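Structure below is my_file-v3.pdb: PDB, C-alpha atoms.
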```pdb
ATOM      1  CA  MET P 152     -15.827 -14.014  -5.474  1.00  0.00           C
ATOM      2  CA  LYS P 153     -12.875 -14.246  -7.834  1.00  0.00           C
ATOM      3  CA  LEU P 154      -9.780 -12.131  -7.360  1.00  0.00           C
ATOM      4  CA  ALA P 155     -10.391 -10.030 -10.469  1.00  0.00           C
ATOM      5  CA  GLN P 156     -13.928  -9.244  -9.302  1.00  0.00           C
ATOM      6  CA  ARG P 157     -12.676  -8.419  -5.811  1.00  0.00           C
ATOM      7  CA  LEU P 158     -10.021  -6.014  -7.109  1.00  0.00           C
ATOM      8  CA  THR P 159     -12.504  -4.183  -9.329  1.00  0.00           C
ATOM      9  CA  ALA P 160     -15.307  -4.008  -6.725  1.00  0.00           C
ATOM     10  CA  SER P 161     -15.931  -0.835  -4.739  1.00  0.00           C
ATOM     11  CA  THR P 162     -13.582  -0.253  -1.826  1.00  0.00           C
ATOM     12  CA  PRO P 163     -14.916   1.027   1.527  1.00  0.00           C
ATOM     13  CA  PRO P 164     -13.884   4.613   2.392  1.00  0.00           C
ATOM     14  CA  PHE P 165     -11.594   3.565   5.265  1.00  0.00           C
ATOM     15  CA  PHE P 166      -9.647   1.171   3.083  1.00  0.00           C
ATOM     16  CA  SER P 167      -9.407   3.777   0.326  1.00  0.00           C
ATOM     17  CA  LYS P 168      -7.642   6.069   2.801  1.00  0.00           C
ATOM     18  CA  VAL P 169      -5.348   3.247   3.953  1.00  0.00           C
ATOM     19  CA  ARG P 170      -4.542   2.429   0.319  1.00  0.00           C
ATOM     20  CA  ASN P 171      -3.635   6.045  -0.402  1.00  0.00           C
ATOM     21  CA  ILE P 172      -1.406   6.217   2.701  1.00  0.00           C
ATOM     22  CA  GLY P 173       0.333   3.039   1.532  1.00  0.00           C
ATOM     23  CA  LEU P 174       0.923   4.533  -1.907  1.00  0.00           C
ATOM     24  CA  ILE P 175       2.349   7.704  -0.349  1.00  0.00           C
ATOM     25  CA  LEU P 176       4.692   5.669   1.873  1.00  0.00           C
ATOM     26  CA  THR P 177       5.877   3.680  -1.129  1.00  0.00           C
ATOM     27  CA  ALA P 178       6.518   6.847  -3.135  1.00  0.00           C
ATOM     28  CA  ILE P 179       8.446   8.500  -0.293  1.00  0.00           C
ATOM     29  CA  SER P 180      10.586   5.424   0.262  1.00  0.00           C
ATOM     30  CA  GLY P 181      11.323   5.191  -3.463  1.00  0.00           C
ATOM     31  CA  ALA P 182      12.439   8.808  -3.474  1.00  0.00           C
ATOM     32  CA  LEU P 183      14.676   8.205  -0.453  1.00  0.00           C
ATOM     33  CA  MET P 184      16.262   5.164  -2.074  1.00  0.00           C
ATOM     34  CA  GLY P 185      17.066   7.227  -5.155  1.00  0.00           C
ATOM     35  CA  ILE P 186      19.222   9.730  -3.260  1.00  0.00           C
ATOM     36  CA  PRO P 187      22.863   8.637  -3.638  1.00  0.00           C
ATOM     37  CA  ALA P 188      24.432  10.485  -0.677  1.00  0.00           C
ATOM     38  CA  ILE P 189      22.472   9.207   2.321  1.00  0.00           C
ATOM     39  CA  PRO P 190      23.543   6.713   4.984  1.00  0.00           C
ATOM     40  CA  ALA P 191      22.900   3.023   4.467  1.00  0.00           C
ATOM     41  CA  ILE P 192      20.596   2.811   7.492  1.00  0.00           C
ATOM     42  CA  ILE P 193      18.209   5.308   5.872  1.00  0.00           C
ATOM     43  CA  ILE P 194      18.123   3.213   2.705  1.00  0.00           C
ATOM     44  CA  LYS P 195      17.428   0.098   4.784  1.00  0.00           C
ATOM     45  CA  ILE P 196      14.560   1.820   6.626  1.00  0.00           C
ATOM     46  CA  ALA P 197      13.198   3.117   3.314  1.00  0.00           C
ATOM     47  CA  GLY P 198      13.168  -0.473   2.043  1.00  0.00           C
ATOM     48  CA  TYR P 199      11.084  -1.580   5.006  1.00  0.00           C
ATOM     49  CA  ILE P 200       8.713   1.344   4.487  1.00  0.00           C
ATOM     50  CA  ALA P 201       8.370   0.385   0.820  1.00  0.00           C
ATOM     51  CA  VAL P 202       7.369  -3.153   1.770  1.00  0.00           C
ATOM     52  CA  ALA P 203       4.883  -1.899   4.373  1.00  0.00           C
ATOM     53  CA  GLY P 204       3.336   0.573   1.917  1.00  0.00           C
ATOM     54  CA  THR P 205       3.033  -2.063  -0.787  1.00  0.00           C
ATOM     55  CA  VAL P 206       1.327  -4.509   1.565  1.00  0.00           C
ATOM     56  CA  MET P 207      -1.012  -1.800   2.860  1.00  0.00           C
ATOM     57  CA  SER P 208      -2.006  -0.850  -0.668  1.00  0.00           C
ATOM     58  CA  GLY P 209      -2.516  -4.417  -1.846  1.00  0.00           C
ATOM     59  CA  VAL P 210      -4.588  -5.547   1.120  1.00  0.00           C
ATOM     60  CA  SER P 211      -6.671  -2.381   1.106  1.00  0.00           C
ATOM     61  CA  GLN P 212      -7.434  -2.715  -2.579  1.00  0.00           C
ATOM     62  CA  ALA P 213      -8.744  -6.256  -2.015  1.00  0.00           C
ATOM     63  CA  ALA P 214     -11.238  -5.137   0.659  1.00  0.00           C
ATOM     64  CA  VAL P 215     -14.837  -4.914  -0.542  1.00  0.00           C
ATOM     65  CA  SER P 216     -17.970  -3.357   0.931  1.00  0.00           C
ATOM     66  CA  GLU P 217     -19.971  -6.570   0.747  1.00  0.00           C
ATOM     67  CA  GLU P 218     -19.090  -9.950  -0.631  1.00  0.00           C
ATOM     68  CA  GLY P 219     -21.417 -11.207  -3.319  1.00  0.00           C
ATOM     69  CA  GLY P 220     -21.586 -14.957  -3.575  1.00  0.00           C
TER      70      GLY P 220
END
```
Could you render the structure from this file as C-alpha coordinates?
Amino acid sequence: MKLAQRLTASTPPFFSKVRNIGLILTAISGALMGIPAIPAIIIKIAGYIAVAGTVMSGVSQAAVSEEGG
(Lines of atoms letter the chains of each structure in order from A and count residues from 1; the text may use other names and numbers.)
(Lines give C-alpha, C1' and ligand atoms only; values in the text may rest on other atoms or scores of the structure.)
Protein backbone atom coordinates (compact mmCIF):
# COMPACT_ATOMS: atom_id res chain seq x y z
CA MET A 1 0.00 0.00 0.00
CA LYS A 2 1.48 3.33 -1.03
CA LEU A 3 1.67 6.25 1.36
CA ALA A 4 -0.90 8.32 -0.52
CA GLN A 5 -3.37 5.43 -0.44
CA ARG A 6 -2.69 4.85 3.25
CA LEU A 7 -3.30 8.51 4.14
CA THR A 8 -6.58 8.62 2.23
CA ALA A 9 -7.89 5.25 3.49
CA SER A 10 -10.43 5.07 6.31
CA THR A 11 -9.03 5.50 9.80
CA PRO A 12 -10.23 3.28 12.67
CA PRO A 13 -12.34 5.09 15.31
CA PHE A 14 -9.68 4.82 18.04
CA PHE A 15 -7.03 6.41 15.86
CA SER A 16 -9.44 9.14 14.79
CA LYS A 17 -9.82 10.09 18.45
CA VAL A 18 -6.04 9.99 18.98
CA ARG A 19 -5.55 12.16 15.89
CA ASN A 20 -8.04 14.73 17.18
CA ILE A 21 -6.34 14.81 20.61
CA GLY A 22 -3.01 15.37 18.86
CA LEU A 23 -4.45 18.25 16.86
CA ILE A 24 -5.88 19.81 20.03
CA LEU A 25 -2.52 19.51 21.81
CA THR A 26 -0.77 21.14 18.86
CA ALA A 27 -3.27 24.00 18.79
CA ILE A 28 -2.98 24.61 22.54
CA SER A 29 0.81 24.60 22.41
CA GLY A 30 0.77 27.02 19.48
CA ALA A 31 -1.47 29.37 21.43
CA LEU A 32 0.84 29.17 24.45
CA MET A 33 3.89 29.92 22.34
CA GLY A 34 2.18 33.01 20.95
CA ILE A 35 1.76 34.64 24.37
CA PRO A 36 4.68 37.07 24.85
CA ALA A 37 4.63 37.44 28.66
CA ILE A 38 5.03 33.87 29.91
CA PRO A 39 8.10 32.20 31.41
CA ALA A 40 10.58 30.45 29.15
CA ILE A 41 9.94 27.06 30.77
CA ILE A 42 6.29 27.21 29.68
CA ILE A 43 7.36 27.94 26.10
CA LYS A 44 9.80 25.02 26.23
CA ILE A 45 7.09 22.65 27.51
CA ALA A 46 4.69 23.95 24.85
CA GLY A 47 7.31 23.09 22.23
CA TYR A 48 7.50 19.52 23.48
CA ILE A 49 3.71 19.27 23.50
CA ALA A 50 3.64 20.56 19.91
CA VAL A 51 6.04 17.83 18.82
CA ALA A 52 4.06 15.15 20.66
CA GLY A 53 0.76 16.35 19.15
CA THR A 54 2.22 16.45 15.66
CA VAL A 55 3.59 12.92 15.95
CA MET A 56 0.30 11.64 17.39
CA SER A 57 -1.65 13.18 14.53
CA GLY A 58 0.69 11.93 11.82
CA VAL A 59 0.91 8.35 13.07
CA SER A 60 -2.82 8.16 13.71
CA GLN A 61 -3.64 9.40 10.24
CA ALA A 62 -1.48 6.65 8.71
CA ALA A 63 -3.34 3.87 10.55
CA VAL A 64 -5.82 1.94 8.40
CA SER A 65 -8.61 -0.49 9.21
CA GLU A 66 -7.24 -3.22 6.96
CA GLU A 67 -4.28 -3.26 4.65
CA GLY A 68 -5.10 -4.08 1.06
CA GLY A 69 -2.25 -5.65 -0.84
Apply the PyMOL selection byres ((chain P and resi 198-210) around 9) to the displayed file and report the matching residues as a list in words.
-> Phe166, Ser167, Val169, Arg170, Asn171, Ile172, Gly173, Leu174, Ile175, Leu176, Thr177, Ala178, Ile179, Ser180, Gly181, Met184, Ile193, Ile194, Lys195, Ile196, Ala197, Ser211, Gln212, Ala213 and Ala214 of chain P
List, as a list in words, every residue that the PyMOL selection byres ((chain P and resi 159) around 12) selects in the file provided.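 This file, filtered by the PyMOL selection byres ((chain P and resi 159) around 12), leaves Met152, Lys153, Leu154, Ala155, Gln156, Arg157, Leu158, Ala160, Ser161, Thr162, Gln212, Ala213, Ala214, Val215 and Ser216 of chain P.
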Give me the box for region 161-170 of chain P as lines of an AutoDock Vina configuration file, namely the centre and edge lengths in Å to one decimal of a box along x, y and z that holds every listed atom plus 8 Å on each side.
```
center_x = -10.2
center_y = 2.6
center_z = 0.3
size_x = 27.4
size_y = 22.9
size_z = 26.0
```
